[in-house]
Amino acid sequence: MITNGVFKKPIFRTAGDRGFIIEFGPDINPDVNKKVRDMARGVKKNLPQGVTEIIPTYRSLLLIYDPLITRPEKLVKAIEHIKNTPAQIEAESINIIEIPVCYGRQFGPDIETVAKSAGLLQEEVIQLHCEPEYLIYMVGFTPGFPFLGGLNEKLFTPRLKTPRMAVPKGSVGIANNQTGMYSITSPGGWQIIGRTPLKLFAPQRKNPFLYKAGDKIKFISISSGEYERLKQEEEN
Amino acid sequence: MDGIKIISPGGYTTIQDRGRFGFQHMGIPVSGVLDNFAFTLANLLVRNPENTAAMEITVMGPSLEIRKEMDIALTGAKIKIMVNEKPRDQWRSIRVKPGDNVTIGQVTSGCRAYLAFGGGVRLPEVMGSYATYVGGKIGGFKGRPLLPDDILEIRDVPLLMKEACLPVEMIPVYQSQAVVRAIPGPQDDYFDQGLHALFQSEYMVTVKADRMGYRMQGPPVPIKDGMPKSIISEPSVPGSIQIPPDEQPIILLVEQTVGGYAKIATVISSDLPIVAQTTPGDTIQFEKVNLDMAYDLIIEEQHKLNSIKDYLFKGKTT
């Protein structure tokens, strides 16, 4: 049964002898994702013995456990307890992270493709892309790659027919109804419209990441001069 | 402090430990060794703590110049090891001295061998681990596979008082026709006859087989009518058997965090080393088991390891 896009009872799934999945809804939906994040915080606060990883995703939570210490039956009990006692779940601290982006030119080789497919000018693409506060549904694929929801429909653009072998880190892209950022240089098929000078993944930094699932991203359009200045700052 | 100079690195040699835990929610895969049993044994044979960073060697071994007196041990895939052109045995400690040349050949069975150094390789720890995650360019030696002229520092530790070796009957045998046990799920409800195909057929390991995953080839595993061909991206675990639109299974391994296709079953953790030791052209037959069976095997494996430790450290036999 589904109410407002959320399963009345979560579905439990087995991911081998160390993984346990709790699924909260059938599709991508901010309410379902909030349930996932709430449960992730609840589990983190009341960490059941033997749970080694808590991985929130679009619509489900994956727990990795040590079967020599705990078993799914125990995890189900812990989850039911957390679900039935909302006080167990701390209020979520949602940060709004501003990401400066230099759009177009050498940093965004596909911005004209996006503009043409939308019937817009490049400036309008930039304006529409900078408007929303995008919800980070999940982080994954590569270290610190945010899957963002809330892209303006006018900007929906299919993936490249042939993926690039190497998309530079910091690249901001669009794939169908999604927008996101390449946290490290990796192969990829998204339409690239700009690049941020910020280091989205810095393993040597005290906090290697700038954001977490549940935070919001706001893109700020910057000039290439500003890009170079911020890039210098990041390097130092 | 000195250690080892890489003369030639072999096929694909990385520094690994058991992996990087606690960052999968940020897109950092666990990485780490693919055959934990062989890795652990290599360390135990040189009296290292079990999770000491060691070399994971793939198919073709490296050639090394030794620059410091130390104990080493080579486990895993069957592969020739020579010290100054003299053949030595696997699964036992070997004393080497400055100026020695250690050359490791090509595997004759299995795929991955583990070379441990008494004291362990000295490297900066990255996010709690020494494991190399090549895709993210972090961990291990400069976040990449080893190259000629790389120099690895080995920590100072006392040398072994006496040689250590594993009894022959405890040495694993790697089959080119492997049987690998798997538990249905998480998305087994996406399949009906696909489940039948997966568990009743043999699949060949293709050349697309690496630390991210093994692409298999065999009878198609169709998704049942009316079910979507892809799922909303969700995390994978080492051993997830994912079915992409071409209906050929992919066993996802340790350098993968997210998958967008239905996962029909998951290889049990005790059998991941079996997968890791298959090479292109080998076959895998998946055998369906339940969770209780998988847990029993994990406990059994733990007992086996404990009895090996007793044997190595206390001179007791089982």
# chains A, B, ... in the order shown; residues from 1 in each chain; ligands from 1
$ residues_around --residues "stretch 218-225 of chain B" --least-positions-apart "6" --cutoff "7 Å" --atoms "only C-alpha atoms" --output "MDAnalysis selection string"
chainID B and resid 190:192 194 197:198 201:204 247:248
$ write_last_selection --atoms "N, CA and C atoms" --output "PDB file, in the first residue's frame"
ATOM      1  N   TYR B 190      12.016  -9.454  -9.563  1.00  0.00           N
ATOM      2  CA  TYR B 190      11.989  -8.981 -10.949  1.00  0.00           C
ATOM      3  C   TYR B 190      12.115 -10.143 -11.939  1.00  0.00           C
ATOM      4  N   PHE B 191      12.346 -11.338 -11.428  1.00  0.00           N
ATOM      5  CA  PHE B 191      12.670 -12.464 -12.309  1.00  0.00           C
ATOM      6  C   PHE B 191      11.771 -13.654 -12.001  1.00  0.00           C
ATOM      7  N   ASP B 192      11.475 -14.472 -13.020  1.00  0.00           N
ATOM      8  CA  ASP B 192      10.891 -15.798 -12.763  1.00  0.00           C
ATOM      9  C   ASP B 192      11.773 -16.844 -13.447  1.00  0.00           C
ATOM     10  N   GLY B 194      14.222 -16.244 -15.244  1.00  0.00           N
ATOM     11  CA  GLY B 194      15.594 -15.752 -15.143  1.00  0.00           C
ATOM     12  C   GLY B 194      16.320 -16.416 -13.987  1.00  0.00           C
ATOM     13  N   ALA B 197      17.274 -19.817 -15.065  1.00  0.00           N
ATOM     14  CA  ALA B 197      18.443 -19.779 -15.958  1.00  0.00           C
ATOM     15  C   ALA B 197      19.724 -19.586 -15.146  1.00  0.00           C
ATOM     16  N   LEU B 198      19.708 -18.621 -14.243  1.00  0.00           N
ATOM     17  CA  LEU B 198      20.932 -18.298 -13.493  1.00  0.00           C
ATOM     18  C   LEU B 198      21.445 -19.499 -12.701  1.00  0.00           C
ATOM     19  N   SER B 201      22.486 -22.919 -15.143  1.00  0.00           N
ATOM     20  CA  SER B 201      23.403 -22.884 -16.287  1.00  0.00           C
ATOM     21  C   SER B 201      24.821 -22.581 -15.828  1.00  0.00           C
ATOM     22  N   GLU B 202      25.719 -22.701 -16.784  1.00  0.00           N
ATOM     23  CA  GLU B 202      27.104 -22.334 -16.535  1.00  0.00           C
ATOM     24  C   GLU B 202      27.376 -21.004 -17.218  1.00  0.00           C
ATOM     25  N   TYR B 203      28.124 -20.141 -16.576  1.00  0.00           N
ATOM     26  CA  TYR B 203      28.468 -18.851 -17.173  1.00  0.00           C
ATOM     27  C   TYR B 203      29.977 -18.732 -17.285  1.00  0.00           C
ATOM     28  N   MET B 204      30.416 -18.175 -18.423  1.00  0.00           N
ATOM     29  CA  MET B 204      31.845 -18.034 -18.639  1.00  0.00           C
ATOM     30  C   MET B 204      32.305 -16.639 -18.214  1.00  0.00           C
ATOM     31  N   GLU B 247      20.923  -8.892 -20.631  1.00  0.00           N
ATOM     32  CA  GLU B 247      20.531 -10.138 -19.921  1.00  0.00           C
ATOM     33  C   GLU B 247      21.710 -11.043 -19.580  1.00  0.00           C
ATOM     34  N   GLN B 248      22.930 -10.494 -19.621  1.00  0.00           N
ATOM     35  CA  GLN B 248      24.120 -11.260 -19.232  1.00  0.00           C
ATOM     36  C   GLN B 248      24.574 -10.771 -17.848  1.00  0.00           C
TER      37      GLN B 248
END
$ interface_residues --of "chain B" --to "chain A" --cutoff "8 Å" --atoms "only C-alpha atoms" --output "mmCIF file with C-alpha atoms, in the first residue's frame"
data_model
loop_
_atom_site.group_PDB
_atom_site.id
_atom_site.type_symbol
_atom_site.label_atom_id
_atom_site.label_comp_id
_atom_site.auth_asym_id
_atom_site.auth_seq_id
_atom_site.Cartn_x
_atom_site.Cartn_y
_atom_site.Cartn_z
ATOM 1 C CA PHE B 21 34.846 1.281 5.516
ATOM 2 C CA GLY B 22 32.364 3.946 6.544
ATOM 3 C CA PHE B 23 32.346 6.101 3.392
ATOM 4 C CA GLN B 24 30.123 4.173 1.004
ATOM 5 C CA HIS B 25 27.347 6.714 1.617
ATOM 6 C CA MET B 26 29.708 9.287 0.047
ATOM 7 C CA GLY B 27 30.461 7.158 -2.999
ATOM 8 C CA ILE B 28 33.732 5.654 -1.778
ATOM 9 C CA VAL B 126 43.775 7.550 3.504
ATOM 10 C CA MET B 127 40.342 7.660 5.153
ATOM 11 C CA GLY B 135 39.213 5.019 -9.869
ATOM 12 C CA GLY B 136 39.378 7.626 -7.099
ATOM 13 C CA ILE B 138 43.486 7.335 -3.478
ATOM 14 C CA ALA B 182 24.528 -17.114 -4.036
ATOM 15 C CA ILE B 183 21.449 -15.901 -2.172
ATOM 16 C CA PRO B 184 18.491 -14.635 -4.279
ATOM 17 C CA GLY B 185 17.801 -10.907 -3.953
ATOM 18 C CA PRO B 186 17.607 -7.996 -3.463
ATOM 19 C CA GLN B 187 15.489 -7.824 -6.671
ATOM 20 C CA ILE B 232 16.351 3.519 -9.505
ATOM 21 C CA SER B 233 20.090 3.675 -8.782
ATOM 22 C CA GLU B 234 20.918 2.056 -5.478
ATOM 23 C CA PRO B 235 24.081 0.798 -3.821
ATOM 24 C CA VAL B 237 27.632 -4.809 -2.411
ATOM 25 C CA GLY B 239 28.981 -10.015 -4.962
ATOM 26 C CA SER B 240 25.815 -8.347 -6.273
ATOM 27 C CA GLN B 256 31.735 -0.260 -7.344
ATOM 28 C CA THR B 257 29.205 1.602 -5.191
ATOM 29 C CA VAL B 258 26.052 2.110 -7.248
ATOM 30 C CA ALA B 265 21.175 -12.551 -6.400
ATOM 31 C CA THR B 266 24.237 -11.923 -4.253
ATOM 32 C CA VAL B 267 27.301 -14.156 -3.998
ATOM 33 C CA ILE B 268 27.835 -15.229 -0.379
ATOM 34 C CA SER B 269 30.826 -13.536 1.201
ATOM 35 C CA LEU B 291 21.000 -16.967 4.474
ATOM 36 C CA ALA B 294 25.732 -18.472 4.334
ATOM 37 C CA TYR B 295 26.021 -17.597 8.036
ATOM 38 C CA ILE B 298 31.061 -17.617 7.668
ATOM 39 C CA ILE B 299 31.286 -19.177 11.138
#
$ residues_around --residues "B:Leu64" --least-positions-apart "3" --cutoff "8 Å" --atoms "only C-alpha atoms" --output "PDB file with C-alpha atoms, in the first residue's frame"
ATOM      1  CA  ILE B   4      61.761  -2.873  -2.050  1.00  0.00           C
ATOM      2  CA  LYS B   5      62.339  -1.496  -5.517  1.00  0.00           C
ATOM      3  CA  ILE B   6      59.920  -2.511  -8.258  1.00  0.00           C
ATOM      4  CA  ILE B   7      61.870  -3.704 -11.298  1.00  0.00           C
ATOM      5  CA  SER B   8      58.733  -4.648 -13.198  1.00  0.00           C
ATOM      6  CA  ASN B 101      65.944 -10.523  -6.633  1.00  0.00           C
ATOM      7  CA  VAL B 102      62.411 -11.841  -6.198  1.00  0.00           C
ATOM      8  CA  THR B 103      60.675 -12.695  -9.451  1.00  0.00           C
TER       9      THR B 103
END
$ select_by_dssp --residues "stretch 131-288 of chain B" --states "strand (DSSP E or B)" --output "ChimeraX atom specification"
/B:133,138,151-154,165,177-184,202-209,213-217,234-235,240-242,250-252,258-259,263-267,283-288
$ residues_around --residues "stretch 143-152 of chain B" --least-positions-apart "3" --cutoff "10 Å" --atoms "only C-alpha atoms" --output "PyMOL selection string"
chain B and resi 1-15+55-57+62-65+67+120-123+126+130-140+155
$ residues_around --residues "A:Tyr227" --least-positions-apart "5" --cutoff "7 Å" --atoms "only C-alpha atoms" --output "count of residues only"
3
$ select_by_dssp --residues "stretch 54-259 of chain B" --states "alpha helix (DSSP H)" --output "list in words"
Gln193, Gly194, Leu195, His196, Ala197, Leu198, Phe199 and Gln200 of chain B
$ residues_around --residues "B:Ile243" --least-positions-apart "5" --cutoff "8 Å" --atoms "only C-alpha atoms" --output "list of chain:residue names"
B:Val221, B:Gln248, B:Pro249, B:Ile250, B:Tyr261, B:Ala262, B:Lys263, B:Ile264
$ closest_residue --among "A:Gly194, A:Pro86, A:Pro158, A:Pro187" --to "A:Gly173" --atoms "only C-alpha atoms"
A:Gly194
$ residues_around --residues "stretch 149-154 of chain A" --least-positions-apart "4" --cutoff "6 Å" --atoms "only C-alpha atoms" --output "PyMOL selection string"
chain A and resi 118+134-135
$ write_last_selection --atoms "C-alpha atoms" --output "short mmCIF file (atom, residue, chain, number, x, y, z; two decimals), in the first residue's frame"
data_model
loop_
_atom_site.label_atom_id
_atom_site.label_comp_id
_atom_site.auth_asym_id
_atom_site.auth_seq_id
_atom_site.Cartn_x
_atom_site.Cartn_y
_atom_site.Cartn_z
CA ALA A 118 15.24 23.87 -24.98
CA TYR A 134 18.43 21.31 -5.60
CA LEU A 135 17.85 18.49 -3.11
#
$ closest_residue --among "A:Val125, A:Ala166, A:Ile22, A:Val32" --to "A:Gly5" --atoms "only C-alpha atoms"
A:Val32
$ atom_distance --atom1 "atom CA of B:Asp210" --atom2 "atom CA of A:Pro168"
23.7 Å
$ decode --residues "stretch 28-60 of chain A" --atoms "N, CA and C atoms" --output "PDB file, in the first residue's frame"
ATOM      1  N   ILE A  28      11.270   8.002  -7.259  1.00  0.00           N
ATOM      2  CA  ILE A  28      12.019   9.169  -6.778  1.00  0.00           C
ATOM      3  C   ILE A  28      11.020  10.239  -6.361  1.00  0.00           C
ATOM      4  N   ASN A  29      11.089  10.615  -5.091  1.00  0.00           N
ATOM      5  CA  ASN A  29      10.074  11.488  -4.535  1.00  0.00           C
ATOM      6  C   ASN A  29      10.663  12.077  -3.246  1.00  0.00           C
ATOM      7  N   PRO A  30      10.570  13.400  -3.049  1.00  0.00           N
ATOM      8  CA  PRO A  30      11.207  14.017  -1.871  1.00  0.00           C
ATOM      9  C   PRO A  30      10.714  13.433  -0.546  1.00  0.00           C
ATOM     10  N   ASP A  31       9.416  13.042  -0.468  1.00  0.00           N
ATOM     11  CA  ASP A  31       8.885  12.502   0.792  1.00  0.00           C
ATOM     12  C   ASP A  31       9.502  11.145   1.110  1.00  0.00           C
ATOM     13  N   VAL A  32       9.627  10.314   0.069  1.00  0.00           N
ATOM     14  CA  VAL A  32      10.247   8.997   0.260  1.00  0.00           C
ATOM     15  C   VAL A  32      11.697   9.183   0.708  1.00  0.00           C
ATOM     16  N   ASN A  33      12.385  10.098   0.020  1.00  0.00           N
ATOM     17  CA  ASN A  33      13.791  10.326   0.332  1.00  0.00           C
ATOM     18  C   ASN A  33      13.962  10.850   1.757  1.00  0.00           C
ATOM     19  N   LYS A  34      12.999  11.643   2.233  1.00  0.00           N
ATOM     20  CA  LYS A  34      13.079  12.146   3.611  1.00  0.00           C
ATOM     21  C   LYS A  34      12.954  10.989   4.598  1.00  0.00           C
ATOM     22  N   LYS A  35      12.046  10.048   4.300  1.00  0.00           N
ATOM     23  CA  LYS A  35      11.896   8.849   5.156  1.00  0.00           C
ATOM     24  C   LYS A  35      13.229   8.107   5.249  1.00  0.00           C
ATOM     25  N   VAL A  36      13.886   7.977   4.086  1.00  0.00           N
ATOM     26  CA  VAL A  36      15.174   7.271   4.035  1.00  0.00           C
ATOM     27  C   VAL A  36      16.181   7.975   4.939  1.00  0.00           C
ATOM     28  N   ARG A  37      16.271   9.305   4.785  1.00  0.00           N
ATOM     29  CA  ARG A  37      17.271  10.064   5.558  1.00  0.00           C
ATOM     30  C   ARG A  37      16.945  10.055   7.038  1.00  0.00           C
ATOM     31  N   ASP A  38      15.633  10.155   7.366  1.00  0.00           N
ATOM     32  CA  ASP A  38      15.243  10.110   8.780  1.00  0.00           C
ATOM     33  C   ASP A  38      15.669   8.786   9.394  1.00  0.00           C
ATOM     34  N   MET A  39      15.412   7.697   8.669  1.00  0.00           N
ATOM     35  CA  MET A  39      15.781   6.382   9.200  1.00  0.00           C
ATOM     36  C   MET A  39      17.306   6.257   9.311  1.00  0.00           C
ATOM     37  N   ALA A  40      18.007   6.812   8.346  1.00  0.00           N
ATOM     38  CA  ALA A  40      19.480   6.756   8.388  1.00  0.00           C
ATOM     39  C   ALA A  40      19.982   7.452   9.661  1.00  0.00           C
ATOM     40  N   ARG A  41      19.411   8.617   9.974  1.00  0.00           N
ATOM     41  CA  ARG A  41      19.835   9.321  11.198  1.00  0.00           C
ATOM     42  C   ARG A  41      19.423   8.558  12.439  1.00  0.00           C
ATOM     43  N   GLY A  42      18.210   7.973  12.392  1.00  0.00           N
ATOM     44  CA  GLY A  42      17.735   7.183  13.532  1.00  0.00           C
ATOM     45  C   GLY A  42      18.658   6.006  13.805  1.00  0.00           C
ATOM     46  N   VAL A  43      19.045   5.322  12.758  1.00  0.00           N
ATOM     47  CA  VAL A  43      19.927   4.153  12.915  1.00  0.00           C
ATOM     48  C   VAL A  43      21.295   4.613  13.419  1.00  0.00           C
ATOM     49  N   LYS A  44      21.745   5.746  12.881  1.00  0.00           N
ATOM     50  CA  LYS A  44      23.072   6.244  13.284  1.00  0.00           C
ATOM     51  C   LYS A  44      23.080   6.596  14.772  1.00  0.00           C
ATOM     52  N   LYS A  45      21.994   7.222  15.230  1.00  0.00           N
ATOM     53  CA  LYS A  45      21.933   7.651  16.631  1.00  0.00           C
ATOM     54  C   LYS A  45      21.814   6.448  17.565  1.00  0.00           C
ATOM     55  N   ASN A  46      21.019   5.474  17.173  1.00  0.00           N
ATOM     56  CA  ASN A  46      20.807   4.288  18.021  1.00  0.00           C
ATOM     57  C   ASN A  46      21.500   3.102  17.368  1.00  0.00           C
ATOM     58  N   LEU A  47      22.749   3.276  17.026  1.00  0.00           N
ATOM     59  CA  LEU A  47      23.463   2.319  16.194  1.00  0.00           C
ATOM     60  C   LEU A  47      23.338   0.894  16.730  1.00  0.00           C
ATOM     61  N   PRO A  48      22.606   0.030  16.016  1.00  0.00           N
ATOM     62  CA  PRO A  48      22.534  -1.357  16.477  1.00  0.00           C
ATOM     63  C   PRO A  48      23.931  -1.983  16.369  1.00  0.00           C
ATOM     64  N   GLN A  49      24.282  -2.770  17.363  1.00  0.00           N
ATOM     65  CA  GLN A  49      25.582  -3.441  17.364  1.00  0.00           C
ATOM     66  C   GLN A  49      25.778  -4.223  16.071  1.00  0.00           C
ATOM     67  N   GLY A  50      26.945  -4.127  15.496  1.00  0.00           N
ATOM     68  CA  GLY A  50      27.244  -4.933  14.319  1.00  0.00           C
ATOM     69  C   GLY A  50      26.948  -4.242  13.001  1.00  0.00           C
ATOM     70  N   VAL A  51      26.321  -3.048  13.033  1.00  0.00           N
ATOM     71  CA  VAL A  51      26.066  -2.322  11.784  1.00  0.00           C
ATOM     72  C   VAL A  51      27.311  -1.516  11.448  1.00  0.00           C
ATOM     73  N   THR A  52      27.860  -1.726  10.249  1.00  0.00           N
ATOM     74  CA  THR A  52      29.132  -1.081   9.910  1.00  0.00           C
ATOM     75  C   THR A  52      28.986   0.044   8.882  1.00  0.00           C
ATOM     76  N   GLU A  53      27.925   0.041   8.095  1.00  0.00           N
ATOM     77  CA  GLU A  53      27.716   1.127   7.126  1.00  0.00           C
ATOM     78  C   GLU A  53      26.227   1.443   7.051  1.00  0.00           C
ATOM     79  N   ILE A  54      25.917   2.732   6.925  1.00  0.00           N
ATOM     80  CA  ILE A  54      24.536   3.189   6.760  1.00  0.00           C
ATOM     81  C   ILE A  54      24.516   3.998   5.473  1.00  0.00           C
ATOM     82  N   ILE A  55      23.864   3.462   4.427  1.00  0.00           N
ATOM     83  CA  ILE A  55      23.969   4.082   3.105  1.00  0.00           C
ATOM     84  C   ILE A  55      22.591   4.486   2.597  1.00  0.00           C
ATOM     85  N   PRO A  56      22.240   5.785   2.742  1.00  0.00           N
ATOM     86  CA  PRO A  56      20.938   6.225   2.244  1.00  0.00           C
ATOM     87  C   PRO A  56      20.991   6.453   0.739  1.00  0.00           C
ATOM     88  N   THR A  57      19.916   6.089   0.048  1.00  0.00           N
ATOM     89  CA  THR A  57      19.851   6.294  -1.398  1.00  0.00           C
ATOM     90  C   THR A  57      18.500   6.915  -1.735  1.00  0.00           C
ATOM     91  N   TYR A  58      18.159   7.024  -3.021  1.00  0.00           N
ATOM     92  CA  TYR A  58      16.923   7.678  -3.434  1.00  0.00           C
ATOM     93  C   TYR A  58      15.717   7.256  -2.593  1.00  0.00           C
ATOM     94  N   ARG A  59      15.503   5.942  -2.518  1.00  0.00           N
ATOM     95  CA  ARG A  59      14.247   5.463  -1.921  1.00  0.00           C
ATOM     96  C   ARG A  59      14.483   4.324  -0.944  1.00  0.00           C
ATOM     97  N   SER A  60      15.747   4.020  -0.671  1.00  0.00           N
ATOM     98  CA  SER A  60      16.009   2.905   0.237  1.00  0.00           C
ATOM     99  C   SER A  60      17.263   3.168   1.046  1.00  0.00           C
TER     100      SER A  60
END
